[in-house]
>>> print(open('model38.tsv').read())   # TSV, C-alpha atoms
chain	number	residue	atom	x	y	z
A	1	MET	CA	-74.59	-67.87	67.90
A	2	GLU	CA	-76.29	-68.68	71.24
A	3	SER	CA	-73.19	-70.57	72.37
A	4	LYS	CA	-70.99	-67.55	71.70
A	5	LYS	CA	-73.35	-65.37	73.69
A	6	MET	CA	-73.35	-67.66	76.73
A	7	VAL	CA	-69.54	-67.98	76.62
A	8	GLU	CA	-69.22	-64.19	76.57
A	9	ARG	CA	-71.60	-63.94	79.54
A	10	PHE	CA	-69.52	-66.60	81.33
A	11	ARG	CA	-66.38	-64.56	80.65
A	12	ARG	CA	-67.97	-61.47	82.19
A	13	TYR	CA	-69.20	-63.54	85.15
A	14	LEU	CA	-65.69	-64.82	85.87
A	15	LYS	CA	-64.14	-61.37	85.56
A	16	LEU	CA	-66.72	-59.21	87.32
A	17	GLN	CA	-68.45	-61.49	89.82
A	18	GLN	CA	-65.71	-64.01	90.60
A	19	GLY	CA	-62.84	-61.50	90.39
A	20	ALA	CA	-60.77	-63.95	88.30
A	21	SER	CA	-57.47	-62.73	86.89
A	22	PRO	CA	-57.01	-62.38	83.09
A	23	ASN	CA	-54.80	-65.51	83.08
A	24	THR	CA	-57.49	-67.52	84.90
A	25	VAL	CA	-60.22	-66.29	82.56
A	26	ASP	CA	-58.12	-67.24	79.51
A	27	ALA	CA	-57.47	-70.71	80.98
A	28	TYR	CA	-61.22	-71.27	81.53
A	29	MET	CA	-61.95	-70.16	77.97
A	30	ARG	CA	-59.44	-72.69	76.61
A	31	ASP	CA	-61.03	-75.44	78.73
A	32	ILE	CA	-64.52	-74.57	77.50
A	33	GLN	CA	-63.32	-74.54	73.89
A	34	LYS	CA	-62.09	-78.14	74.30
A	35	LEU	CA	-65.58	-79.11	75.44
A	36	PHE	CA	-67.20	-77.21	72.58
A	37	ASP	CA	-64.95	-78.98	70.03
A	38	PHE	CA	-66.06	-82.31	71.50
A	39	LEU	CA	-69.75	-81.31	71.43
A	40	GLU	CA	-69.48	-80.18	67.81
A	41	ASN	CA	-68.41	-83.70	66.83
A	42	GLU	CA	-71.27	-85.11	68.91
A	43	LYS	CA	-73.70	-82.62	67.29
A	44	LYS	CA	-74.90	-81.43	70.69
A	45	GLN	CA	-75.50	-78.00	72.18
A	46	PRO	CA	-73.93	-77.16	75.59
A	47	THR	CA	-77.39	-76.92	77.16
A	48	GLU	CA	-78.26	-80.46	75.97
A	49	VAL	CA	-75.31	-82.11	77.70
A	50	GLU	CA	-75.86	-85.03	80.09
A	51	LEU	CA	-73.51	-86.72	82.54
A	52	SER	CA	-72.73	-89.50	80.04
A	53	ASP	CA	-71.56	-86.90	77.49
A	54	LEU	CA	-69.18	-85.36	80.03
A	55	GLN	CA	-67.87	-88.79	80.99
A	56	SER	CA	-67.12	-89.45	77.31
A	57	PHE	CA	-65.41	-86.06	77.08
A	58	ALA	CA	-63.26	-86.88	80.13
A	59	ALA	CA	-62.38	-90.30	78.73
A	60	GLY	CA	-61.36	-88.62	75.47
A	61	LEU	CA	-58.93	-86.37	77.32
A	62	HIS	CA	-57.30	-89.48	78.78
A	63	ASP	CA	-57.20	-91.19	75.38
A	64	ILE	CA	-55.30	-88.32	73.74
A	65	GLY	CA	-52.68	-88.35	76.51
A	66	VAL	CA	-53.73	-85.39	78.67
A	67	CYS	CA	-52.11	-85.97	82.09
A	68	PRO	CA	-54.40	-86.49	85.13
A	69	ARG	CA	-53.52	-83.10	86.67
A	70	SER	CA	-54.41	-81.29	83.44
A	71	GLN	CA	-57.60	-83.36	83.14
A	72	CYS	CA	-58.61	-82.19	86.62
A	73	ARG	CA	-57.96	-78.56	85.67
A	74	ILE	CA	-60.01	-78.84	82.46
A	75	LEU	CA	-62.91	-80.54	84.24
A	76	SER	CA	-62.80	-77.87	86.93
A	77	GLY	CA	-63.31	-75.26	84.21
A	78	VAL	CA	-66.20	-77.26	82.76
A	79	ARG	CA	-67.84	-77.51	86.20
A	80	SER	CA	-67.58	-73.75	86.66
A	81	PHE	CA	-69.17	-73.22	83.26
A	82	TYR	CA	-72.16	-75.43	84.05
A	83	ARG	CA	-72.61	-73.91	87.51
A	84	PHE	CA	-72.81	-70.55	85.73
A	85	LEU	CA	-75.33	-71.89	83.18
A	86	GLN	CA	-77.52	-73.09	86.03
A	87	LEU	CA	-77.23	-69.80	87.93
A	88	ASP	CA	-78.01	-67.82	84.79
A	89	GLY	CA	-81.09	-69.91	83.98
A	90	TYR	CA	-79.79	-71.65	80.85
A	91	ILE	CA	-80.27	-75.09	82.43
A	92	GLU	CA	-82.26	-76.46	85.38
A	93	GLN	CA	-79.94	-79.30	86.43
A	94	ASP	CA	-76.14	-79.17	86.58
A	95	PRO	CA	-74.85	-82.26	84.67
A	96	THR	CA	-71.43	-82.04	86.30
A	97	GLU	CA	-72.69	-82.78	89.84
A	98	LEU	CA	-71.75	-86.47	89.64
A	99	LEU	CA	-68.79	-86.03	87.28
A	100	GLU	CA	-65.66	-87.55	88.81
A	101	SER	CA	-62.12	-86.32	88.27
A	102	PRO	CA	-59.15	-88.69	87.82
A	103	GLN	CA	-57.32	-89.67	90.99
A	104	LEU	CA	-54.05	-87.88	91.52
A	105	GLY	CA	-51.10	-89.40	93.31
A	106	GLU	CA	-50.00	-87.41	96.35
A	107	HIS	CA	-47.44	-84.86	95.20
A	108	LEU	CA	-45.30	-83.39	97.94
A	109	PRO	CA	-43.64	-80.17	96.82
A	110	GLU	CA	-39.91	-79.65	97.32
A	111	PHE	CA	-38.91	-77.30	100.12
A	112	LEU	CA	-35.74	-75.87	101.67
A	113	THR	CA	-34.76	-75.83	105.32
A	114	PRO	CA	-33.78	-72.47	106.86
A	115	ASP	CA	-30.13	-73.61	106.72
A	116	GLU	CA	-30.45	-74.28	102.99
A	117	VAL	CA	-32.00	-70.84	102.46
A	118	ASP	CA	-29.00	-69.37	104.31
A	119	ARG	CA	-26.66	-71.30	102.01
A	120	LEU	CA	-28.55	-69.99	99.01
A	121	GLU	CA	-28.17	-66.39	100.19
A	122	ASP	CA	-24.54	-66.82	101.26
A	123	SER	CA	-23.64	-68.08	97.78
A	124	ILE	CA	-24.51	-64.67	96.25
A	125	ASP	CA	-21.61	-62.47	95.17
A	126	LEU	CA	-22.34	-59.09	96.77
A	127	THR	CA	-19.67	-57.37	94.66
A	128	LYS	CA	-21.98	-57.71	91.66
A	129	ALA	CA	-24.55	-54.99	90.98
A	130	GLU	CA	-27.49	-57.35	91.42
A	131	GLY	CA	-26.10	-59.11	94.52
A	132	HIS	CA	-28.07	-57.27	97.21
A	133	ARG	CA	-31.19	-57.36	95.05
A	134	ASN	CA	-31.01	-61.15	94.72
A	135	ARG	CA	-30.48	-61.62	98.46
A	136	ALA	CA	-33.51	-59.43	99.12
A	137	ILE	CA	-35.60	-61.41	96.62
A	138	ILE	CA	-34.75	-64.74	98.27
A	139	GLU	CA	-35.35	-63.41	101.77
A	140	VAL	CA	-38.68	-61.78	100.90
A	141	LEU	CA	-39.90	-64.97	99.16
A	142	PHE	CA	-38.90	-67.08	102.18
A	143	SER	CA	-40.02	-64.61	104.87
A	144	CYS	CA	-43.38	-63.69	103.31
A	145	GLY	CA	-44.32	-66.76	101.23
A	146	LEU	CA	-45.18	-64.69	98.16
A	147	ARG	CA	-46.05	-66.12	94.78
A	148	VAL	CA	-43.52	-65.13	92.11
A	149	SER	CA	-46.20	-63.06	90.34
A	150	GLU	CA	-46.79	-61.18	93.59
A	151	LEU	CA	-43.07	-60.58	94.01
A	152	VAL	CA	-42.39	-59.19	90.53
A	153	ASN	CA	-45.40	-56.87	90.86
A	154	LEU	CA	-44.59	-55.76	94.41
A	155	LYS	CA	-44.65	-51.96	94.73
A	156	LEU	CA	-42.89	-49.61	97.13
A	157	SER	CA	-46.33	-48.29	98.04
A	158	GLN	CA	-47.25	-51.78	99.32
A	159	LEU	CA	-44.39	-51.86	101.85
A	160	TYR	CA	-45.09	-50.71	105.38
A	161	ILE	CA	-41.60	-51.00	106.80
A	162	ASP	CA	-42.23	-49.26	110.14
A	163	GLU	CA	-45.25	-51.48	110.83
A	164	GLN	CA	-43.39	-54.54	109.44
A	165	TYR	CA	-45.96	-55.82	106.98
A	166	VAL	CA	-46.55	-56.00	103.22
A	167	ARG	CA	-49.85	-55.43	101.41
A	168	VAL	CA	-50.03	-58.15	98.76
A	169	MET	CA	-52.32	-58.25	95.73
A	170	GLY	CA	-52.99	-61.96	95.19
A	171	LYS	CA	-55.02	-64.07	92.78
A	172	GLY	CA	-58.28	-62.53	91.66
A	173	SER	CA	-57.07	-59.12	92.88
A	174	LYS	CA	-57.63	-60.26	96.46
A	175	GLU	CA	-55.63	-58.29	98.99
A	176	ARG	CA	-53.92	-59.67	102.08
A	177	LEU	CA	-51.52	-58.35	104.71
A	178	VAL	CA	-48.39	-60.38	105.39
A	179	PRO	CA	-45.87	-59.65	108.18
A	180	ILE	CA	-42.29	-59.11	107.02
A	181	SER	CA	-39.29	-60.12	109.13
A	182	GLN	CA	-36.59	-57.73	110.27
A	183	ARG	CA	-34.04	-59.74	108.31
A	184	ALA	CA	-36.04	-59.25	105.10
A	185	ILE	CA	-36.30	-55.52	105.88
A	186	ASP	CA	-32.52	-55.33	106.36
A	187	GLU	CA	-31.96	-57.04	103.00
A	188	LEU	CA	-34.43	-54.67	101.34
A	189	ASN	CA	-32.67	-51.63	102.79
A	190	ASP	CA	-29.32	-52.88	101.41
A	191	TRP	CA	-31.00	-53.31	98.01
A	192	PHE	CA	-32.59	-49.85	98.16
A	193	ALA	CA	-29.15	-48.29	98.58
A	194	CYS	CA	-28.17	-49.92	95.26
A	195	ARG	CA	-31.56	-49.24	93.66
A	196	ASN	CA	-31.14	-45.50	94.28
A	197	GLU	CA	-28.19	-45.50	91.86
A	198	LEU	CA	-30.24	-46.88	88.94
A	199	THR	CA	-31.72	-44.86	86.12
A	200	ILE	CA	-35.35	-45.97	86.40
A	201	LYS	CA	-37.59	-46.00	83.34
A	202	PRO	CA	-40.76	-43.86	83.47
A	203	GLY	CA	-43.68	-45.85	84.85
A	204	GLU	CA	-41.39	-48.29	86.70
A	205	GLU	CA	-40.61	-46.06	89.70
A	206	ASP	CA	-42.91	-47.86	92.15
A	207	TYR	CA	-41.67	-51.43	91.52
A	208	VAL	CA	-39.53	-52.82	94.34
A	209	PHE	CA	-37.31	-55.09	92.24
A	210	LEU	CA	-35.71	-53.76	89.05
A	211	ASN	CA	-33.10	-54.94	86.58
A	212	ARG	CA	-30.03	-52.96	85.52
A	213	ARG	CA	-32.04	-51.21	82.79
A	214	GLY	CA	-34.44	-49.82	85.38
A	215	THR	CA	-37.47	-51.98	84.53
A	216	HIS	CA	-39.24	-54.50	86.75
A	217	LEU	CA	-38.25	-58.16	86.69
A	218	THR	CA	-40.07	-61.07	85.08
A	219	ARG	CA	-40.88	-64.51	86.50
A	220	THR	CA	-38.31	-66.08	84.17
A	221	MET	CA	-35.53	-63.81	85.48
A	222	ILE	CA	-36.32	-64.91	89.06
A	223	LEU	CA	-36.37	-68.60	88.09
A	224	ILE	CA	-33.02	-68.39	86.27
A	225	MET	CA	-31.42	-66.55	89.19
A	226	LEU	CA	-32.63	-69.10	91.76
A	227	LYS	CA	-31.50	-72.10	89.72
A	228	ARG	CA	-28.07	-70.51	89.29
A	229	GLN	CA	-27.76	-69.77	93.00
A	230	ALA	CA	-28.84	-73.30	93.95
A	231	GLU	CA	-26.02	-74.62	91.78
A	232	GLU	CA	-23.56	-72.17	93.36
A	233	ALA	CA	-24.71	-73.22	96.84
A	234	GLY	CA	-24.40	-76.93	96.03
A	235	ILE	CA	-28.10	-77.57	96.66
A	236	GLN	CA	-29.22	-80.63	94.70
A	237	LYS	CA	-32.96	-80.03	94.99
A	238	THR	CA	-34.97	-78.67	92.06
A	239	ILE	CA	-35.42	-75.01	92.97
A	240	SER	CA	-38.05	-72.53	91.79
A	241	PRO	CA	-39.66	-69.43	93.33
A	242	HIS	CA	-42.50	-71.68	94.50
A	243	THR	CA	-39.97	-73.76	96.44
A	244	LEU	CA	-39.39	-70.79	98.76
A	245	ARG	CA	-43.15	-70.34	99.19
A	246	HIS	CA	-43.40	-74.01	100.20
A	247	SER	CA	-40.41	-73.50	102.51
A	248	PHE	CA	-42.15	-70.56	104.21
A	249	ALA	CA	-45.31	-72.60	104.87
A	250	THR	CA	-43.42	-75.69	106.02
A	251	ALA	CA	-41.27	-73.67	108.44
A	252	LEU	CA	-44.41	-72.09	109.92
A	253	LEU	CA	-46.17	-75.43	110.35
A	254	GLU	CA	-43.15	-77.09	111.93
A	255	GLY	CA	-42.85	-74.06	114.23
A	256	GLY	CA	-46.37	-74.70	115.50
A	257	ALA	CA	-48.46	-72.25	113.42
A	258	ASP	CA	-52.15	-73.02	112.96
A	259	LEU	CA	-53.13	-74.23	109.48
A	260	ARG	CA	-55.77	-71.46	109.18
A	261	VAL	CA	-53.09	-68.84	109.84
A	262	ILE	CA	-50.89	-70.34	107.11
A	263	GLN	CA	-53.90	-70.38	104.76
A	264	ALA	CA	-54.46	-66.65	105.35
A	265	LEU	CA	-50.79	-65.77	104.90
A	266	LEU	CA	-50.51	-67.73	101.65
A	267	GLY	CA	-53.78	-66.35	100.30
A	268	HIS	CA	-55.26	-69.81	99.69
A	269	GLU	CA	-59.00	-69.71	99.01
A	270	SER	CA	-59.47	-73.29	100.24
A	271	ILE	CA	-58.00	-74.88	103.37
A	272	GLY	CA	-57.64	-78.06	101.28
A	273	THR	CA	-54.85	-76.40	99.28
A	274	THR	CA	-52.99	-75.59	102.50
A	275	GLU	CA	-53.33	-79.12	103.89
A	276	ILE	CA	-50.51	-80.34	101.62
A	277	TYR	CA	-48.15	-78.95	104.25
A	278	THR	CA	-49.47	-81.36	106.88
A	279	HIS	CA	-48.24	-84.16	104.59
A	280	LEU	CA	-44.86	-82.44	104.33
A	281	SER	CA	-44.61	-82.14	108.09
A	282	ARG	CA	-45.60	-85.78	108.65
A	283	GLN	CA	-43.01	-86.85	106.08
A	284	ALA	CA	-40.30	-84.87	107.88
A	285	LEU	CA	-41.33	-86.37	111.24
A	286	ARG	CA	-41.26	-89.87	109.80
A	287	GLU	CA	-37.77	-89.37	108.38
A	288	ALA	CA	-36.55	-87.95	111.69
A	289	ILE	CA	-37.92	-90.99	113.58
A	290	LEU	CA	-36.36	-93.44	111.14
A	291	GLU	CA	-33.01	-91.69	111.32
A	292	HIS	CA	-32.74	-90.86	115.03
A	293	HIS	CA	-34.98	-93.16	117.08
A	294	PRO	CA	-32.83	-95.70	118.95
A	295	ARG	CA	-35.01	-98.63	117.85
A	296	ASN	CA	-34.28	-97.76	114.21
A	297	MET	CA	-30.54	-97.10	114.50
A	298	LYS	CA	-28.20	-99.80	113.21
A	299	PHE	CA	-25.14	-100.66	115.26
A	300	THR	CA	-21.85	-102.05	114.05
A	301	PRO	CA	-20.50	-105.19	115.77
A	302	GLN	CA	-17.91	-103.06	117.63
A	303	GLU	CA	-20.66	-100.81	119.04
A	304	ALA	CA	-22.74	-103.82	120.07
>>> encode(input="model38.tsv", output="structure tokens")
Amino acid sequence: MESKKMVERFRRYLKLQQGASPNTVDAYMRDIQKLFDFLENEKKQPTEVELSDLQSFAAGLHDIGVCPRSQCRILSGVRSFYRFLQLDGYIEQDPTELLESPQLGEHLPEFLTPDEVDRLEDSIDLTKAEGHRNRAIIEVLFSCGLRVSELVNLKLSQLYIDEQYVRVMGKGSKERLVPISQRAIDELNDWFACRNELTIKPGEEDYVFLNRRGTHLTRTMILIMLKRQAEEAGIQKTISPHTLRHSFATALLEGGADLRVIQALLGHESIGTTEIYTHLSRQALREAILEHHPRNMKFTPQEA
């Protein structure tokens, strides 16, 4: 009974004090339940847990085949839970302080060059009803670096066209202002001319992007559209809405933007999340040197 009470208090803490989204809260609850299932077998209460118990729990995740990235996410939820227990006076010492997460290999996300984004947009058939909408979606994702959840929930009331910026509601209901390019505005205006001809369902009037039935789009619809357009454009990379967000950040970094500026535009809470783009940039520089530096170029006998 006491465990249920502390979990409910943790849920309220995440929602009200941390401003976590419903999806994040649900994910933390699932992570905590995994720990509770483990502790039940060990016949231990959450407040009795020591570092060795948590190490056994982490080892168990590995043993049942949970991938390292998912292990890190689960342990992150457990750490948050025990930080809360300490803050709320349930425990004096946080047992997760010395708990280590599994090492992750460096994962560099796929990104598109501006030329590839142009190819993606040029592959769209503008004679189709959704043509201008899809071009606007791609351009807004690339020009503003939005998450797909932010795009599908984007409202007309969040667009400040004359001032050229967008008010974005990000993770944890945190608001940020993102500049929007003139090209993205032009694509939006073309879409709005088509949007005005739709019969819009009640309650959907403020959404920027709608389907033919007059309701706002889903993440899955965006993903399917982008994969189809990548195929049409002959782009071999694995494309998702997040690819365009990565492309936005990479283009900014390679153009000389400060990492803190990119962090603010992307809505990253930690600069560490943004630093992945320095790896991307270094990788691109390395490939350019290997391909174009005269000391690396191979000559045929005729050229020699």
>>> closest_atom_pairs(input="model38.tsv", of="stretch 123-213 of chain A", to="stretch 9-31 of chain A", cutoff="9 Å", atoms="only C-alpha atoms", output="JSON lines")
{"residue": "A:Lys171", "atom": "CA", "partner": "A:Ser21", "partner_atom": "CA", "distance": 6.5}
{"residue": "A:Gly172", "atom": "CA", "partner": "A:Ala20", "partner_atom": "CA", "distance": 4.4}
{"residue": "A:Ser173", "atom": "CA", "partner": "A:Gly19", "partner_atom": "CA", "distance": 6.7}
{"residue": "A:Lys174", "atom": "CA", "partner": "A:Gly19", "partner_atom": "CA", "distance": 8.1}
>>> atom_distance(input="model38.tsv", atom1="atom CA of A:Leu87", atom2="atom CA of A:Leu35")
19.5 Å
>>> atom_distance(input="model38.tsv", atom1="atom CA of A:Val7", atom2="atom CA of A:His268")
27.2 Å
>>> atom_distance(input="model38.tsv", atom1="atom CA of A:Arg135", atom2="atom CA of A:Tyr165")
18.6 Å
>>> residues_around(input="model38.tsv", residues="A:Asn134", least_positions_apart="5", cutoff="12 Å", atoms="only C-alpha atoms", output="MDAnalysis selection string")
chainID A and resid 120:129 139:141 184 187:188 190:192 194:195 208:211 217 221:226 228:229
>>> closest_residue(input="model38.tsv", among="A:Glu40, A:Leu156, A:Pro46, A:Glu163", to="A:Gln86", atoms="all atoms listed in the file")
A:Pro46
>>> closest_residue(input="model38.tsv", among="A:Arg213, A:Lys44, A:Arg219, A:His132", to="A:Glu150", atoms="all atoms listed in the file")
A:Arg219
>>> residues_around(input="model38.tsv", residues="stretch 69-81 of chain A", least_positions_apart="4", cutoff="7 Å", atoms="only C-alpha atoms", output="PyMOL selection string")
chain A and resi 10+28+31-32+61+85+96+101-102+104
>>> residues_around(input="model38.tsv", residues="A:Ser56", least_positions_apart="3", cutoff="12 Å", atoms="all atoms listed in the file", output="count of residues only")
16
>>> residues_near_point(input="model38.tsv", point="(-41.4, -60.2, 113.1)", cutoff="12 Å", atoms="all atoms listed in the file", output="PDB file with C-alpha atoms, in the coordinates of the input")
ATOM      1  CA  SER A 143     -40.020 -64.610 104.870  1.00  0.00           C
ATOM      2  CA  CYS A 144     -43.380 -63.690 103.310  1.00  0.00           C
ATOM      3  CA  ILE A 161     -41.600 -51.000 106.800  1.00  0.00           C
ATOM      4  CA  ASP A 162     -42.230 -49.260 110.140  1.00  0.00           C
ATOM      5  CA  GLU A 163     -45.250 -51.480 110.830  1.00  0.00           C
ATOM      6  CA  GLN A 164     -43.390 -54.540 109.440  1.00  0.00           C
ATOM      7  CA  TYR A 165     -45.960 -55.820 106.980  1.00  0.00           C
ATOM      8  CA  VAL A 166     -46.550 -56.000 103.220  1.00  0.00           C
ATOM      9  CA  VAL A 178     -48.390 -60.380 105.390  1.00  0.00           C
ATOM     10  CA  PRO A 179     -45.870 -59.650 108.180  1.00  0.00           C
ATOM     11  CA  ILE A 180     -42.290 -59.110 107.020  1.00  0.00           C
ATOM     12  CA  SER A 181     -39.290 -60.120 109.130  1.00  0.00           C
ATOM     13  CA  GLN A 182     -36.590 -57.730 110.270  1.00  0.00           C
ATOM     14  CA  ARG A 183     -34.040 -59.740 108.310  1.00  0.00           C
ATOM     15  CA  ALA A 184     -36.040 -59.250 105.100  1.00  0.00           C
ATOM     16  CA  ILE A 185     -36.300 -55.520 105.880  1.00  0.00           C
TER      17      ILE A 185
END
>>> closest_residue(input="model38.tsv", among="A:Ile262, A:Val117, A:Leu177, A:Leu159", to="A:Phe142", atoms="all atoms listed in the file")
A:Val117
>>> axis_aligned_box(input="model38.tsv", around="stretch 113-117 of chain A", padding_each_side="5 Å", output="JSON")
{"center_x": -32.4, "center_y": -73.3, "center_z": 104.7, "size_x": 14.6, "size_y": 15.0, "size_z": 14.4}
>>> residues_around(input="model38.tsv", residues="A:Ser270", least_positions_apart="6", cutoff="10 Å", atoms="only C-alpha atoms", output="ChimeraX atom specification")
/A:260,263-264
>>> closest_residue(input="model38.tsv", among="A:Pro202, A:Gly214, A:Gly170, A:Gly234", to="A:Leu265", atoms="only C-alpha atoms")
A:Gly170
>>> decode(input="model38.tsv", residues="stretch 168-218 of chain A", atoms="C-alpha atoms", output="PDB file, in the first residue's frame")
ATOM      1  CA  VAL A 168       6.590  25.973 -30.524  1.00  0.00           C
ATOM      2  CA  MET A 169       5.248  23.924 -27.629  1.00  0.00           C
ATOM      3  CA  GLY A 170       7.980  21.361 -26.952  1.00  0.00           C
ATOM      4  CA  LYS A 171       8.550  18.531 -24.494  1.00  0.00           C
ATOM      5  CA  GLY A 172       7.183  19.116 -21.028  1.00  0.00           C
ATOM      6  CA  SER A 173       4.997  21.942 -22.386  1.00  0.00           C
ATOM      7  CA  LYS A 174       8.097  24.122 -22.671  1.00  0.00           C
ATOM      8  CA  GLU A 175       7.704  26.973 -25.125  1.00  0.00           C
ATOM      9  CA  ARG A 176      10.350  28.264 -27.511  1.00  0.00           C
ATOM     10  CA  LEU A 177      10.474  30.732 -30.401  1.00  0.00           C
ATOM     11  CA  VAL A 178      11.997  29.523 -33.662  1.00  0.00           C
ATOM     12  CA  PRO A 179      12.666  31.728 -36.714  1.00  0.00           C
ATOM     13  CA  ILE A 180      11.002  30.577 -39.932  1.00  0.00           C
ATOM     14  CA  SER A 181      12.575  31.128 -43.354  1.00  0.00           C
ATOM     15  CA  GLN A 182      10.929  33.034 -46.173  1.00  0.00           C
ATOM     16  CA  ARG A 183      10.983  29.878 -48.275  1.00  0.00           C
ATOM     17  CA  ALA A 184       9.013  28.002 -45.601  1.00  0.00           C
ATOM     18  CA  ILE A 185       6.551  30.914 -45.425  1.00  0.00           C
ATOM     19  CA  ASP A 186       6.090  30.795 -49.207  1.00  0.00           C
ATOM     20  CA  GLU A 187       5.397  27.052 -49.052  1.00  0.00           C
ATOM     21  CA  LEU A 188       2.918  27.590 -46.209  1.00  0.00           C
ATOM     22  CA  ASN A 189       1.083  30.286 -48.176  1.00  0.00           C
ATOM     23  CA  ASP A 190       0.750  27.916 -51.161  1.00  0.00           C
ATOM     24  CA  TRP A 191      -0.648  25.280 -48.784  1.00  0.00           C
ATOM     25  CA  PHE A 192      -3.058  27.750 -47.174  1.00  0.00           C
ATOM     26  CA  ALA A 193      -4.593  28.470 -50.581  1.00  0.00           C
ATOM     27  CA  CYS A 194      -5.401  24.736 -50.845  1.00  0.00           C
ATOM     28  CA  ARG A 195      -6.353  24.452 -47.170  1.00  0.00           C
ATOM     29  CA  ASN A 196      -9.024  27.134 -47.609  1.00  0.00           C
ATOM     30  CA  GLU A 197     -10.900  24.783 -49.952  1.00  0.00           C
ATOM     31  CA  LEU A 198     -11.198  22.000 -47.348  1.00  0.00           C
ATOM     32  CA  THR A 199     -14.233  21.269 -45.218  1.00  0.00           C
ATOM     33  CA  ILE A 200     -12.629  21.395 -41.774  1.00  0.00           C
ATOM     34  CA  LYS A 201     -14.049  19.355 -38.908  1.00  0.00           C
ATOM     35  CA  PRO A 202     -15.183  21.267 -35.798  1.00  0.00           C
ATOM     36  CA  GLY A 203     -12.337  21.604 -33.307  1.00  0.00           C
ATOM     37  CA  GLU A 204      -9.672  21.189 -36.013  1.00  0.00           C
ATOM     38  CA  GLU A 205      -9.796  24.747 -37.385  1.00  0.00           C
ATOM     39  CA  ASP A 206      -6.571  25.933 -35.726  1.00  0.00           C
ATOM     40  CA  TYR A 207      -4.302  23.079 -36.888  1.00  0.00           C
ATOM     41  CA  VAL A 208      -1.866  24.087 -39.642  1.00  0.00           C
ATOM     42  CA  PHE A 209      -1.648  20.721 -41.401  1.00  0.00           C
ATOM     43  CA  LEU A 210      -4.826  18.784 -42.219  1.00  0.00           C
ATOM     44  CA  ASN A 211      -5.744  15.725 -44.248  1.00  0.00           C
ATOM     45  CA  ARG A 212      -8.420  15.611 -46.954  1.00  0.00           C
ATOM     46  CA  ARG A 213     -11.096  14.873 -44.338  1.00  0.00           C
ATOM     47  CA  GLY A 214     -10.306  18.115 -42.532  1.00  0.00           C
ATOM     48  CA  THR A 215      -8.621  16.627 -39.452  1.00  0.00           C
ATOM     49  CA  HIS A 216      -5.035  17.112 -38.292  1.00  0.00           C
ATOM     50  CA  LEU A 217      -2.326  14.685 -39.338  1.00  0.00           C
ATOM     51  CA  THR A 218      -0.674  11.956 -37.283  1.00  0.00           C
TER      52      THR A 218
END
